[in-house]
Structures are given as structure tokens and as C-alpha cells.
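Listing of model.cif, mmCIF, C-alpha atoms and all ligand atoms
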data_final
#
loop_
_atom_site.label_atom_id
_atom_site.label_comp_id
_atom_site.auth_asym_id
_atom_site.auth_seq_id
_atom_site.Cartn_x
_atom_site.Cartn_y
_atom_site.Cartn_z
CA MET A 27 3.54 -6.20 40.61
CA THR A 28 1.84 -9.55 39.87
CA THR A 29 3.64 -12.40 38.25
CA THR A 30 2.01 -15.01 36.00
CA LEU A 31 3.33 -18.51 35.45
CA ILE A 32 2.33 -20.14 32.16
CA ASP A 33 2.84 -23.73 33.14
CA ARG A 34 2.83 -27.15 31.45
CA ILE A 35 3.82 -25.86 27.98
CA GLY A 36 4.27 -28.95 25.78
CA LEU A 37 6.81 -27.24 23.52
CA LEU A 38 8.03 -23.67 23.88
CA TYR A 39 9.50 -22.09 20.75
CA THR A 40 11.33 -19.10 22.24
CA GLY A 41 12.66 -17.50 19.05
CA ASP A 42 15.88 -16.89 20.97
CA PRO A 43 18.68 -18.32 18.81
CA GLU A 44 20.58 -19.29 21.93
CA ARG A 45 17.84 -21.63 23.14
CA GLU A 46 15.17 -21.92 20.50
CA GLU A 47 13.06 -24.80 21.79
CA ILE A 48 12.28 -26.05 25.29
CA ALA A 49 10.13 -29.14 25.82
CA ASP A 50 7.91 -29.45 28.92
CA ALA A 51 8.46 -25.79 29.61
CA ALA A 52 7.13 -22.91 31.63
CA LEU A 53 7.35 -19.14 31.29
CA VAL A 54 6.98 -16.39 33.86
CA VAL A 55 5.57 -12.97 33.01
CA GLU A 56 6.26 -9.99 35.22
CA ASP A 57 5.22 -6.44 34.53
CA GLY A 58 4.30 -7.21 30.92
CA LEU A 59 7.69 -8.73 30.16
CA VAL A 60 9.08 -12.23 30.02
CA ALA A 61 10.90 -12.76 33.32
CA TRP A 62 11.91 -16.40 33.04
CA THR A 63 11.73 -19.39 30.66
CA GLY A 64 12.86 -22.96 31.33
CA PRO A 65 11.79 -26.47 32.15
CA ALA A 66 8.45 -26.60 34.01
CA SER A 67 10.08 -28.72 36.70
CA ARG A 68 12.26 -25.76 37.69
CA ALA A 69 9.66 -23.00 37.39
CA PRO A 70 9.63 -20.41 40.16
CA ASP A 71 6.47 -19.53 42.12
CA ALA A 72 4.16 -16.85 40.78
CA ASP A 73 0.99 -15.04 41.89
CA ARG A 74 -1.15 -16.47 39.11
CA ARG A 75 -0.91 -19.71 37.16
CA VAL A 76 -2.16 -20.40 33.63
CA ASP A 77 -2.23 -24.09 32.68
CA ALA A 78 -1.20 -24.56 29.04
CA ALA A 79 -2.12 -28.25 29.39
CA GLY A 80 0.57 -29.50 27.03
CA ARG A 81 -0.06 -26.95 24.30
CA ALA A 82 2.74 -25.31 22.31
CA VAL A 83 3.66 -21.66 22.88
CA ILE A 84 5.34 -19.35 20.36
CA PRO A 85 6.11 -15.62 20.31
CA GLY A 86 3.34 -13.43 18.88
CA PHE A 87 3.77 -13.13 15.12
CA VAL A 88 5.50 -10.00 13.82
CA ASP A 89 3.80 -9.11 10.53
CA SER A 90 6.32 -6.66 9.10
CA HIS A 91 4.53 -5.84 5.81
CA ALA A 92 0.86 -4.89 5.47
CA HIS A 93 -1.24 -2.31 3.63
CA LEU A 94 -4.30 -1.89 5.85
CA VAL A 95 -5.53 1.64 5.16
CA PHE A 96 -7.79 1.38 2.12
CA ALA A 97 -11.39 1.23 0.99
CA GLY A 98 -13.09 -0.65 -1.83
CA ASP A 99 -12.88 -4.17 -3.08
CA ARG A 100 -11.06 -5.92 -5.91
CA THR A 101 -12.89 -9.22 -6.06
CA ALA A 102 -13.49 -8.82 -9.78
CA GLU A 103 -9.78 -8.34 -10.43
CA PHE A 104 -9.03 -11.47 -8.37
CA GLN A 105 -11.62 -13.47 -10.28
CA ALA A 106 -10.19 -12.28 -13.60
CA ARG A 107 -6.74 -13.42 -12.44
CA MET A 108 -8.07 -16.81 -11.51
CA SER A 109 -9.39 -17.00 -15.07
CA GLY A 110 -5.90 -16.43 -16.41
CA GLU A 111 -5.31 -12.66 -16.34
CA PRO A 112 -1.83 -11.66 -15.08
CA TYR A 113 -1.24 -9.41 -12.03
CA THR A 114 0.31 -6.07 -12.96
CA GLY A 115 -0.15 -3.74 -10.02
CA GLY A 116 -2.37 -1.54 -12.21
CA GLY A 117 -5.30 -2.20 -9.87
CA ILE A 118 -3.60 -0.10 -7.18
CA ARG A 119 -5.23 2.97 -8.78
CA THR A 120 -8.70 1.43 -8.29
CA THR A 121 -8.03 1.21 -4.57
CA VAL A 122 -6.61 4.74 -4.55
CA ALA A 123 -9.86 6.11 -6.00
CA ALA A 124 -11.98 4.23 -3.42
CA THR A 125 -9.68 5.26 -0.56
CA ARG A 126 -9.79 8.94 -1.48
CA ARG A 127 -13.60 8.79 -1.54
CA ALA A 128 -13.86 7.20 1.91
CA GLY A 129 -14.21 9.18 5.12
CA ASP A 130 -11.77 8.95 8.02
CA ALA A 131 -14.19 6.91 10.12
CA GLU A 132 -14.62 4.29 7.42
CA LEU A 133 -10.88 3.96 6.78
CA THR A 134 -10.18 3.70 10.51
CA ALA A 135 -12.88 1.10 11.07
CA ARG A 136 -11.65 -1.03 8.17
CA ALA A 137 -8.04 -0.92 9.30
CA ARG A 138 -9.04 -1.73 12.89
CA ARG A 139 -11.03 -4.68 11.71
CA LEU A 140 -8.01 -6.09 9.89
CA VAL A 141 -5.80 -5.55 12.96
CA SER A 142 -8.43 -7.40 15.01
CA GLU A 143 -8.38 -10.27 12.53
CA MET A 144 -4.61 -10.34 12.82
CA LEU A 145 -4.67 -10.38 16.62
CA ALA A 146 -7.13 -13.27 16.62
CA GLN A 147 -4.64 -15.17 14.46
CA GLY A 148 -1.71 -14.48 16.75
CA THR A 149 -0.17 -11.31 15.29
CA THR A 150 0.88 -9.00 18.11
CA THR A 151 3.02 -6.55 16.12
CA VAL A 152 2.07 -5.23 12.70
CA GLU A 153 3.58 -2.76 10.27
CA ILE A 154 1.09 -0.64 8.30
CA LYS A 155 1.90 1.24 5.10
CA SER A 156 0.21 4.15 3.38
CA GLY A 157 0.22 4.06 -0.40
CA TYR A 158 -3.44 4.24 -1.40
CA GLY A 159 -3.67 8.03 -1.02
CA LEU A 160 -0.99 9.30 -3.42
CA SER A 161 -1.55 12.97 -2.59
CA VAL A 162 -0.12 15.01 0.27
CA GLU A 163 -3.49 15.16 2.01
CA HIS A 164 -4.44 11.51 1.52
CA GLU A 165 -1.06 10.00 2.31
CA ARG A 166 -0.86 12.05 5.50
CA ARG A 167 -4.35 10.95 6.47
CA SER A 168 -3.51 7.28 5.87
CA LEU A 169 -0.44 7.54 8.07
CA ARG A 170 -2.32 9.36 10.81
CA ILE A 171 -4.85 6.52 10.86
CA ALA A 172 -2.10 3.89 10.78
CA SER A 173 -0.27 5.59 13.64
CA GLU A 174 -3.33 5.10 15.84
CA LEU A 175 -2.97 1.35 15.37
CA THR A 176 0.76 0.68 15.39
CA ALA A 177 4.14 2.24 16.02
CA GLU A 178 5.41 0.60 12.81
CA THR A 179 4.10 3.00 10.18
CA THR A 180 5.54 3.25 6.68
CA PHE A 181 5.27 6.08 4.17
CA LEU A 182 4.65 4.49 0.76
CA GLY A 183 3.73 7.56 -1.27
CA ALA A 184 5.88 5.92 -3.97
CA HIS A 185 3.45 3.05 -4.58
CA VAL A 186 2.57 4.06 -8.15
CA VAL A 187 2.42 7.37 -10.02
CA PRO A 188 -1.16 8.69 -9.72
CA ALA A 189 -3.14 8.87 -12.95
CA ASP A 190 -3.20 12.68 -12.99
CA MET A 191 0.57 13.31 -12.67
CA ASP A 192 3.78 12.75 -14.63
CA ALA A 193 6.46 10.62 -13.01
CA ASP A 194 9.10 13.34 -12.54
CA SER A 195 6.77 15.79 -10.81
CA TYR A 196 5.40 13.01 -8.65
CA VAL A 197 8.84 11.84 -7.51
CA ARG A 198 9.67 15.45 -6.62
CA LEU A 199 6.44 15.72 -4.63
CA VAL A 200 6.99 12.42 -2.78
CA ALA A 201 10.58 13.29 -1.85
CA GLY A 202 9.59 16.85 -0.94
CA ASP A 203 6.27 18.16 0.40
CA MET A 204 4.62 14.75 0.79
CA LEU A 205 7.51 13.40 2.83
CA THR A 206 7.52 16.52 5.00
CA ALA A 207 3.79 16.14 5.68
CA CYS A 208 4.00 12.40 6.37
CA ALA A 209 7.26 12.05 8.28
CA PRO A 210 5.74 13.03 11.65
CA TYR A 211 3.49 9.95 11.45
CA ALA A 212 5.99 7.55 9.88
CA ARG A 213 8.88 5.44 11.12
CA TRP A 214 9.79 4.03 7.70
CA VAL A 215 9.91 5.02 4.03
CA ASP A 216 9.20 2.46 1.29
CA VAL A 217 9.19 2.49 -2.54
CA PHE A 218 7.61 0.03 -5.01
CA CYS A 219 10.69 -0.42 -7.20
CA GLU A 220 9.31 -2.19 -10.27
CA ARG A 221 8.75 -1.77 -13.98
CA GLY A 222 5.52 0.27 -14.20
CA ALA A 223 6.08 1.80 -10.74
CA PHE A 224 9.46 3.43 -9.83
CA ASP A 225 12.86 2.79 -11.42
CA GLY A 226 16.22 2.55 -9.64
CA ASP A 227 17.09 6.26 -9.77
CA GLN A 228 13.66 7.31 -8.55
CA THR A 229 13.77 4.71 -5.78
CA ARG A 230 17.18 5.88 -4.61
CA GLU A 231 16.11 9.53 -4.62
CA ILE A 232 12.99 8.91 -2.53
CA LEU A 233 14.69 6.56 -0.07
CA GLN A 234 17.58 8.98 0.42
CA ALA A 235 15.15 11.82 1.11
CA GLY A 236 13.36 9.62 3.65
CA LEU A 237 16.62 8.65 5.35
CA LYS A 238 17.58 12.32 5.53
CA ALA A 239 14.24 13.05 7.20
CA GLY A 240 15.10 10.48 9.88
CA LEU A 241 13.05 7.54 8.60
CA GLY A 242 14.36 4.00 8.14
CA ALA A 243 14.22 2.46 4.66
CA ARG A 244 12.45 -0.63 3.31
CA VAL A 245 11.80 -1.51 -0.34
CA HIS A 246 9.22 -3.42 -2.40
CA ALA A 247 11.88 -5.13 -4.47
CA ASN A 248 12.03 -7.68 -7.29
CA GLN A 249 8.37 -8.74 -6.98
CA LEU A 250 7.34 -9.07 -10.60
CA THR A 251 10.68 -8.89 -12.42
CA GLU A 252 14.40 -8.80 -11.73
CA GLY A 253 15.53 -5.23 -11.12
CA PRO A 254 17.68 -2.95 -9.00
CA GLY A 255 15.44 -2.90 -5.89
CA VAL A 256 17.27 -5.47 -3.77
CA ARG A 257 20.71 -4.03 -4.53
CA ILE A 258 19.53 -0.48 -3.70
CA ALA A 259 18.00 -1.73 -0.44
CA CYS A 260 21.31 -3.34 0.58
CA GLU A 261 23.38 -0.38 -0.57
CA LEU A 262 21.31 2.12 1.45
CA GLY A 263 21.18 -0.09 4.54
CA ALA A 264 17.43 -0.70 4.32
CA ALA A 265 15.96 -2.82 7.11
CA SER A 266 14.31 -5.11 4.56
CA ALA A 267 13.88 -5.90 0.89
CA ASP A 268 10.36 -7.22 0.50
CA HIS A 269 9.04 -9.80 -2.00
CA CYS A 270 12.44 -10.95 -3.41
CA THR A 271 10.68 -13.19 -5.91
CA HIS A 272 13.01 -12.66 -8.88
CA LEU A 273 16.64 -12.61 -7.73
CA THR A 274 19.98 -12.83 -9.49
CA ASP A 275 23.02 -14.37 -7.80
CA ALA A 276 24.31 -10.82 -7.25
CA ASP A 277 21.09 -9.95 -5.37
CA VAL A 278 21.47 -12.98 -3.11
CA ASP A 279 25.12 -12.10 -2.45
CA ALA A 280 24.17 -8.49 -1.66
CA LEU A 281 21.55 -9.65 0.85
CA ALA A 282 23.93 -12.16 2.43
CA SER A 283 26.62 -9.58 2.99
CA SER A 284 24.31 -6.83 4.29
CA GLY A 285 22.11 -6.39 7.33
CA THR A 286 19.05 -6.21 5.07
CA VAL A 287 16.39 -8.83 5.78
CA ALA A 288 14.66 -10.59 2.87
CA THR A 289 10.94 -10.42 3.64
CA LEU A 290 9.00 -13.05 1.73
CA LEU A 291 5.28 -12.59 1.11
CA PRO A 292 3.87 -15.90 -0.12
CA GLY A 293 0.28 -14.63 0.16
CA ALA A 294 1.07 -12.44 -2.86
CA GLU A 295 2.27 -15.37 -4.97
CA PHE A 296 -0.75 -17.39 -3.86
CA SER A 297 -3.22 -14.64 -4.82
CA THR A 298 -1.54 -13.69 -8.06
CA ARG A 299 -0.86 -17.33 -9.00
CA SER A 300 2.84 -16.59 -9.45
CA PRO A 301 5.97 -18.61 -8.77
CA TYR A 302 7.05 -18.43 -5.12
CA PRO A 303 10.37 -16.90 -4.04
CA ASP A 304 13.21 -19.36 -3.50
CA ALA A 305 13.48 -19.31 0.27
CA ARG A 306 15.97 -22.20 0.35
CA ARG A 307 18.43 -20.34 -1.84
CA LEU A 308 18.29 -17.35 0.52
CA ILE A 309 18.51 -19.33 3.76
CA ASP A 310 21.32 -21.49 2.42
CA ALA A 311 23.24 -18.33 1.48
CA GLY A 312 22.92 -17.09 5.08
CA VAL A 313 20.31 -14.38 4.48
CA THR A 314 17.96 -13.50 7.35
CA VAL A 315 14.45 -14.22 6.12
CA ALA A 316 11.14 -12.81 7.39
CA LEU A 317 7.63 -13.87 6.48
CA ALA A 318 4.76 -11.38 6.33
CA THR A 319 1.23 -11.28 4.94
CA ASP A 320 1.42 -8.22 2.62
CA CYS A 321 -2.27 -7.89 3.53
CA ASN A 322 -3.78 -5.64 0.84
CA PRO A 323 -6.91 -5.71 -1.35
CA GLY A 324 -5.04 -6.39 -4.60
CA SER A 325 -2.29 -8.94 -4.43
CA SER A 326 -2.74 -10.64 -1.03
CA TYR A 327 -5.98 -10.19 0.86
CA THR A 328 -5.07 -12.37 3.82
CA SER A 329 -4.42 -11.25 7.38
CA SER A 330 -3.24 -14.68 8.44
CA MET A 331 0.34 -15.37 9.46
CA PRO A 332 -0.51 -19.07 10.09
CA PHE A 333 -1.59 -19.29 6.44
CA CYS A 334 1.71 -17.72 5.32
CA VAL A 335 3.66 -20.15 7.51
CA ALA A 336 1.84 -23.06 5.91
CA LEU A 337 2.50 -21.68 2.40
CA ALA A 338 6.18 -21.13 3.20
CA VAL A 339 6.57 -24.73 4.30
CA ARG A 340 4.60 -26.33 1.49
CA GLU A 341 5.51 -24.04 -1.41
CA MET A 342 8.88 -22.52 -0.48
CA ARG A 343 10.56 -25.58 1.02
CA MET A 344 11.09 -23.97 4.41
CA THR A 345 11.00 -26.30 7.40
CA PRO A 346 8.27 -25.59 9.97
CA LEU A 347 11.00 -24.31 12.31
CA GLU A 348 12.40 -21.94 9.67
CA ALA A 349 8.93 -20.66 8.81
CA VAL A 350 7.91 -19.96 12.41
CA ARG A 351 11.31 -18.36 13.02
CA ALA A 352 10.81 -16.11 9.97
CA ALA A 353 7.30 -15.15 11.13
CA THR A 354 8.50 -14.10 14.60
CA TYR A 355 12.22 -13.48 15.01
CA GLY A 356 12.62 -12.64 11.28
CA GLY A 357 9.78 -10.11 11.35
CA ALA A 358 11.32 -8.43 14.38
CA ARG A 359 14.71 -8.21 12.60
CA ALA A 360 12.94 -6.70 9.59
CA LEU A 361 11.57 -3.98 11.86
CA ARG A 362 14.85 -3.68 13.78
CA ARG A 363 13.05 -4.56 17.00
CA THR A 364 14.63 -6.48 19.86
CA ASP A 365 11.68 -6.25 22.28
CA VAL A 366 9.38 -8.51 20.24
CA GLY A 367 9.67 -11.65 18.09
CA TRP A 368 11.24 -13.78 20.80
CA LEU A 369 10.51 -14.91 24.32
CA ARG A 370 13.54 -14.34 26.43
CA PRO A 371 13.91 -12.46 29.70
CA GLY A 372 13.33 -8.76 29.13
CA ALA A 373 11.28 -9.15 25.94
CA ARG A 374 7.64 -8.08 25.79
CA ALA A 375 5.38 -10.94 26.86
CA ASP A 376 3.64 -11.23 23.47
CA LEU A 377 2.87 -14.89 22.97
CA VAL A 378 0.49 -17.34 21.40
CA VAL A 379 -0.76 -20.54 22.98
CA LEU A 380 -1.56 -22.97 20.16
CA ASP A 381 -4.18 -25.65 20.34
CA ALA A 382 -1.50 -28.10 19.24
CA PRO A 383 1.48 -29.87 20.79
CA SER A 384 3.99 -28.24 18.40
CA TYR A 385 4.39 -25.13 16.22
CA ALA A 386 4.79 -27.58 13.32
CA HIS A 387 1.00 -28.01 13.35
CA LEU A 388 0.72 -24.53 11.80
CA ALA A 389 1.84 -26.17 8.54
CA TYR A 390 0.76 -29.73 9.29
CA ARG A 391 -2.86 -28.61 9.88
CA PRO A 392 -3.23 -25.77 7.36
CA GLY A 393 -6.34 -23.63 7.55
CA VAL A 394 -7.29 -24.88 11.02
CA PRO A 395 -7.80 -22.19 13.70
CA LEU A 396 -5.09 -23.29 16.12
CA VAL A 397 -4.73 -20.05 18.07
CA HIS A 398 -5.99 -20.84 21.56
CA GLN A 399 -4.91 -17.74 23.47
CA VAL A 400 -2.99 -14.56 22.69
CA PHE A 401 -1.11 -12.58 25.33
CA ARG A 402 0.08 -9.09 24.53
CA GLY A 403 2.32 -7.29 26.99
CA GLY A 404 1.52 -10.11 29.41
CA LEU A 405 -2.23 -9.59 29.18
CA LEU A 406 -4.55 -12.23 27.86
CA LEU A 407 -6.32 -10.65 24.90
CA GLU A 408 -8.85 -13.26 24.08
CA GLU A 409 -9.99 -16.58 25.34
CA ASP A 410 -12.63 -16.97 22.70
CA ILE A 411 -11.32 -16.18 19.22
CA GLN A 412 -14.91 -15.96 17.97
CA ASN A 413 -15.37 -12.82 20.09
CA PRO A 414 -12.25 -10.73 19.56
CA PRO A 415 -11.88 -7.87 22.03
CA PRO A 416 -11.56 -4.25 20.94
CA VAL A 417 -8.25 -3.53 19.26
CA VAL A 418 -5.53 -2.23 21.54
CA VAL A 419 -3.03 0.32 20.30
CA LEU A 420 0.11 -1.57 19.39
O1 LIG B 501 2.97 -5.48 -2.02
N1 LIG B 501 3.56 -4.43 -4.92
C1 LIG B 501 3.00 -3.41 -4.59
N2 LIG B 501 2.09 -3.28 -3.64
C2 LIG B 501 1.27 -4.33 -3.15
C3 LIG B 501 0.13 -4.59 -4.03
C4 LIG B 501 -0.82 -3.54 -3.95
C5 LIG B 501 -2.07 -3.73 -4.75
O2 LIG B 501 -2.14 -4.50 -5.74
O3 LIG B 501 -3.04 -3.05 -4.36
C6 LIG B 501 2.10 -5.57 -2.88
O4 LIG B 501 1.89 -6.64 -3.46
FE FE B 502 3.30 -4.79 -0.29
#

Full structure transcribed into C-alpha cells:
Amino acid sequence: MTTTLIDRIGLLYTGDPEREEIADAALVVEDGLVAWTGPASRAPDADRRVDAAGRAVIPGFVDSHAHLVFAGDRTAEFQARMSGEPYTGGGIRTTVAATRRAGDAELTARARRLVSEMLAQGTTTVEIKSGYGLSVEHERRSLRIASELTAETTFLGAHVVPADMDADSYVRLVAGDMLTACAPYARWVDVFCERGAFDGDQTREILQAGLKAGLGARVHANQLTEGPGVRIACELGAASADHCTHLTDADVDALASSGTVATLLPGAEFSTRSPYPDARRLIDAGVTVALATDCNPGSSYTSSMPFCVALAVREMRMTPLEAVRAATYGGARALRRTDVGWLRPGARADLVVLDAPSYAHLAYRPGVPLVHQVFRGGLLLEEDIQNPPPVVVL
């Protein structure tokens, strides 16, 4: 068993609420796990030493919301939006048509490429949803592909009603045969609860069926309008309510008094030119907040957690500390994981060495590639971010 000492860390953000920041720090990795953190002056001996040379270290980002299994392109829709068209979610069906046409190899290669992009930008855990198949066969295929890339797979058959079906029959299919076919590849069930997608009753029915099949629940809630999504998520004990852009006081209270994490996706507001969610209101009410990319070809085609951190600080009035916490610890809470999202003894040694003296540079120097090195399970994944290594199964 070799041990590695990461020495001379300028500022270590541990993500551990008990001891969040350590200046002039060191960290020891043993057997893929964090074995020790503390001041560099008190670091124990190790077999191998990595010199961080004053750089900051943070936990690997936990991107708890992404749609990576798709084909096609929606540049034209984006351009129309930037000329003043509103975002409606109607474009989802365009991606469904392209995804159904694509072969397995193409879908796999595209998803892998996005996971590679994410790794190069410091994301060491990612959740991947289906939702661009919308038939038993195509949803199952999407989840099979996703399950080759991550353990955090989410069945989102209830993304929209496909063009060739009526809503009632589709809800029955999703909660019945489609769920049965997809559950073996899924850890979570999700519903897009929104006007034009699924209403409160339909959302509840599908989530309850998923829970009964042994999946955990998460909800696309209150993205475009106020609605019942957040309250249903809290009521059913969902791990997260995602988007949370349009909230009533009752929604905020429900989140604050539940274990449901509010996952904010500022890439979606950026790409749809919409008002950002009110992160301050949620944090001040005591809600646990996560940040994620929502990487998808329609509403948020970014794979970059650093970009989302910068947006959260500039546009959502989060402090750099709150934003980095939400992108690591918050993401792990949203996935109900205790082995990632923080760097404390026993956690997986997933960490990012930043080419900066502090995590605050992620917002202070937006758009700059600050990821110097990424370690996953204690192994250095890349020294040169221009040449990302093959994707490893997460
Ligand atoms: O999270 N809101 C629903 N689903 C995605 C958008 C999907 C799309 O437009 O293709 C989202 O924003
Ligand atoms: Fe989404």
C-alpha cells in the first residue's frame, strides 16, 4: 500500500463543515482514500510526495444534474433565443428525434466526450439522466449507456410527452413498463414537473412508482414557472429539487424543513437568458444548496462546474465559499453520497489542484482554465489538461 503526500497546499478547502479551510496545508492519500489532512508543518511521512507549490486544493466537483446521452445539435434554437425568442422546452423533441436515430456507438462516444470534458474541468462525480429516448427501448438504451459512465444514473422518461402519444397513456407507460425496463440501470427517478411537461398529479404518480421500484427521487421543479414540483419533492422525500427558479415562500419553507437539497443550475438561466434563482433567499432560510451544470443540448450546453461557480457568485449573490461548497459538498448531499464532495479521512481522494492560491479564483478569474491536476480515487488523472486521458468508469 503506497501513501502519497500532497504537500505545500496554499489553501485547502476540505468541504468538511467541521474544518472547512486549512491554510499552508497537506493531505495524505492512502489506498485511494484521504488518510490525513492538516497543516503542512505536521504532515506525516509518505512513500511519494507531490508538491502543490502553494496552489489551492478543493474536492473534485460533484455535478449532480446532467443530461449527457443525446445526439444532434440545437445551435439554431440557441441563436433564435439570443435574438429574443423565449425558451419553452419544446426543443426537447428535436433532440429526442436525433437521439433515436443515432446508433449506440455514437451516443456512447458523445457521452464519453462530455464526461472527459467534465473531468478536465475538475468534475470527478457526475449524475447522468435519460430523457431523450421517450420509449421503452430508447430510455433503456440511454440508461445502459449512462451506467457505463457513472453509478449516478437517473430515469427521466417523464421529460416530455412524446409527439405520438397522449399524456395519460404516456404516464401509464412511464410508471409501468418503461420503469420496469429502466430500473435495473437506474439509481434515481426524475420528472420534469412544469406547465407543458407533467403536472403535479402525474409527477406524484411517476415518482411514487419509482420509489416503489427502489429508486430515489429527484425532480425538475419550478424552472419556468411557479408550480407544485418543489412541494412534491419535499413531501416525497426527494434527494433534490432541481432548478428552483420560481419559488413561493411556502416552497422555501418546505425546502428548509425537509432533507431535500435545492440544486441550482445557473447555466440554464445563462443559456435561456432568464432570471437566476435567488440563492441568497434559500441559503438564508437554511436550505442546503447544490450547484450543477444541467449539461444538455437545449437549455445549458456547458460541462463546466467552474463556469457555474463563477455565475453563482456574480449572478446569484453567493460568496465564493458558498459556491464552491455547493459545487462539492452540496452536490454530494444532492446525491446522498458521503464518500465524495469533501476531503476528510475516509473519503475518496477525489481532488483538484488549482493553478491559483485560493478557490475564490474560480469566480475572480472567470473563464480561465485553472484546473492544474485532477486526482480521482487517489490517482492523478491528468497533468496536461490539453491531453485528457481516456475516461474512467466513475
Ligand atoms: O433541465 N427542463 C427540462 N430539461 C432540461 C432541458 C432539456 C432541453 O431543453 O433539451 C433542463 O433544462
Ligand atoms: Fe435538467

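The space separating atom CA of A:Leu59 from atom CA of A:Gly367 comes to 12.6 Å.
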
Mind listing as a compact mmCIF listing (two decimals) with C-alpha atoms, keeping the file's coordinate frame all residues within 7 Å of (12.4, -17.7, 24.5), counting all atoms listed in the file?
# COMPACT_ATOMS: atom_id res chain seq x y z
CA TYR A 39 9.50 -22.09 20.75
CA THR A 40 11.33 -19.10 22.24
CA GLY A 41 12.66 -17.50 19.05
CA ASP A 42 15.88 -16.89 20.97
CA ARG A 45 17.84 -21.63 23.14
CA GLU A 46 15.17 -21.92 20.50
CA THR A 63 11.73 -19.39 30.66
CA TRP A 368 11.24 -13.78 20.80
CA LEU A 369 10.51 -14.91 24.32
CA ARG A 370 13.54 -14.34 26.43

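For ligand FE 502 (chain B), the set of protein, DNA and RNA residues within 10 Å, based on all atoms listed in the file, reads His91, Ala92, His93, Ile154, Lys155, Gly157, Leu182, His185, Asp216, Val217, Phe218, Val245, His246, Ala247, Gln249, Asp268, His269, Leu291, Ala294, Ala318, Thr319, Asp320, Cys321, Asn322, Gly324, Ser325 and Ser326 of chain A.
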
Which value, in Å to one decimal, gives the distance between atom CA of A:Pro303 and atom C3 of ligand LIG 501 (chain B)? 16.0 Å

Using all atoms listed in the file, find all polymer residues with an atom at most 6 Å away from the point (2.4, -19.8, 23.1); report them as a PDB file with C-alpha atoms, in the frame of the given file.
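result.pdb was written with the following content:
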ATOM      1  CA  ALA A  82       2.740 -25.310  22.310  1.00  0.00           C
ATOM      2  CA  VAL A  83       3.660 -21.660  22.880  1.00  0.00           C
ATOM      3  CA  ILE A  84       5.340 -19.350  20.360  1.00  0.00           C
ATOM      4  CA  LEU A 377       2.870 -14.890  22.970  1.00  0.00           C
ATOM      5  CA  VAL A 378       0.490 -17.340  21.400  1.00  0.00           C
ATOM      6  CA  VAL A 379      -0.760 -20.540  22.980  1.00  0.00           C
ATOM      7  CA  LEU A 380      -1.560 -22.970  20.160  1.00  0.00           C
TER       8      LEU A 380
END

Using 6 Å of padding on each side, determine the axis-aligned box around all atoms of stretch 337-346 of chain A present in the file and give its centre and edge lengths in Å to one decimal, as AutoDock Vina command-line options.
--center_x 6.8 --center_y -23.7 --center_z 4.3 --size_x 20.6 --size_y 17.2 --size_z 23.4

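Of the residues under consideration (A:Val339, A:Val397, A:Val256, A:Ala223), A:Ala223 shows the shortest atom-to-atom contact distance to ligand LIG 501 (chain B) when counting only C-alpha atoms and all ligand atoms.
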
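Considering all atoms listed in the file, the residue among A:Cys260, A:Pro332, A:Gly285, A:Ser297 positioned nearest to A:Phe104 is A:Ser297.
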
Could you tell me how far atom CA of A:Arg139 lies from atom C5 of ligand LIG 501 (chain B), in Å and to one decimal? 18.8 Å

Which residues are near A:Met108? Cut-off 10 Å, only C-alpha atoms, ignore same chain within fewer than 3 positions. Put them as a PDB file with C-alpha atoms, in the frame of the given file.
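The new file out03.pdb reads:
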ATOM      1  CA  ALA A 102     -13.490  -8.820  -9.780  1.00  0.00           C
ATOM      2  CA  GLU A 103      -9.780  -8.340 -10.430  1.00  0.00           C
ATOM      3  CA  PHE A 104      -9.030 -11.470  -8.370  1.00  0.00           C
ATOM      4  CA  GLN A 105     -11.620 -13.470 -10.280  1.00  0.00           C
ATOM      5  CA  GLU A 111      -5.310 -12.660 -16.340  1.00  0.00           C
ATOM      6  CA  PRO A 112      -1.830 -11.660 -15.080  1.00  0.00           C
ATOM      7  CA  SER A 297      -3.220 -14.640  -4.820  1.00  0.00           C
ATOM      8  CA  THR A 298      -1.540 -13.690  -8.060  1.00  0.00           C
ATOM      9  CA  ARG A 299      -0.860 -17.330  -9.000  1.00  0.00           C
TER      10      ARG A 299
END

Nearest residue to A:Arg351 out of A:Leu175, A:Val88, A:Ala375, A:Ala69, using only C-alpha atoms? A:Val88

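Minimum atom-to-atom distance to ligand LIG 501 (chain B), evaluated using only C-alpha atoms and all ligand atoms, belongs to A:Gly117 out of A:Gly117, A:Pro383, A:Gly183, A:Gly357.
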
Could you build a table of the residues in stretch 339-373 of chain A lying no more than 8 Å from stretch 304-310 of chain A, giving for each the nearest pair of atoms and their separation in Å rounded to one decimal place, using only C-alpha atoms, ordered by chain and ascending residue number, as JSON lines?
{"residue": "A:Met342", "atom": "CA", "partner": "A:Ala305", "partner_atom": "CA", "distance": 5.7}
{"residue": "A:Arg343", "atom": "CA", "partner": "A:Arg306", "partner_atom": "CA", "distance": 6.4}
{"residue": "A:Met344", "atom": "CA", "partner": "A:Arg306", "partner_atom": "CA", "distance": 6.6}

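Proximity to ligand LIG 501 (chain B) was assessed for A:Ala276, A:Ala131, A:Ala311, A:Ala267 counting all atoms listed in the file; the smallest distance is recorded for A:Ala267.
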
Rank nothing, just name the residue among A:Val394, A:Leu53, A:Ala239, A:Leu250 nearest to ligand LIG 501 (chain B), using all atoms listed in the file. A:Leu250

Tell me which protein, DNA and RNA residues are within 9 Å of A:Ala358, counting only C-alpha atoms, leaving out same-chain ones fewer than 3 positions away, and put them as a list in words. Phe87, Val88, Asp89, Ser90, Thr151, Ala316, Ala352, Ala353, Thr354, Tyr355, Leu361, Arg362, Arg363, Thr364, Asp365, Val366, Gly367 and Trp368 of chain A

Okay, now the selection with C-alpha atoms, as an mmCIF file, keeping the file's coordinate frame?
data_model
loop_
_atom_site.group_PDB
_atom_site.id
_atom_site.type_symbol
_atom_site.label_atom_id
_atom_site.label_comp_id
_atom_site.auth_asym_id
_atom_site.auth_seq_id
_atom_site.Cartn_x
_atom_site.Cartn_y
_atom_site.Cartn_z
ATOM 1 C CA PHE A 87 3.770 -13.130 15.120
ATOM 2 C CA VAL A 88 5.500 -10.000 13.820
ATOM 3 C CA ASP A 89 3.800 -9.110 10.530
ATOM 4 C CA SER A 90 6.320 -6.660 9.100
ATOM 5 C CA THR A 151 3.020 -6.550 16.120
ATOM 6 C CA ALA A 316 11.140 -12.810 7.390
ATOM 7 C CA ALA A 352 10.810 -16.110 9.970
ATOM 8 C CA ALA A 353 7.300 -15.150 11.130
ATOM 9 C CA THR A 354 8.500 -14.100 14.600
ATOM 10 C CA TYR A 355 12.220 -13.480 15.010
ATOM 11 C CA LEU A 361 11.570 -3.980 11.860
ATOM 12 C CA ARG A 362 14.850 -3.680 13.780
ATOM 13 C CA ARG A 363 13.050 -4.560 17.000
ATOM 14 C CA THR A 364 14.630 -6.480 19.860
ATOM 15 C CA ASP A 365 11.680 -6.250 22.280
ATOM 16 C CA VAL A 366 9.380 -8.510 20.240
ATOM 17 C CA GLY A 367 9.670 -11.650 18.090
ATOM 18 C CA TRP A 368 11.240 -13.780 20.800
#
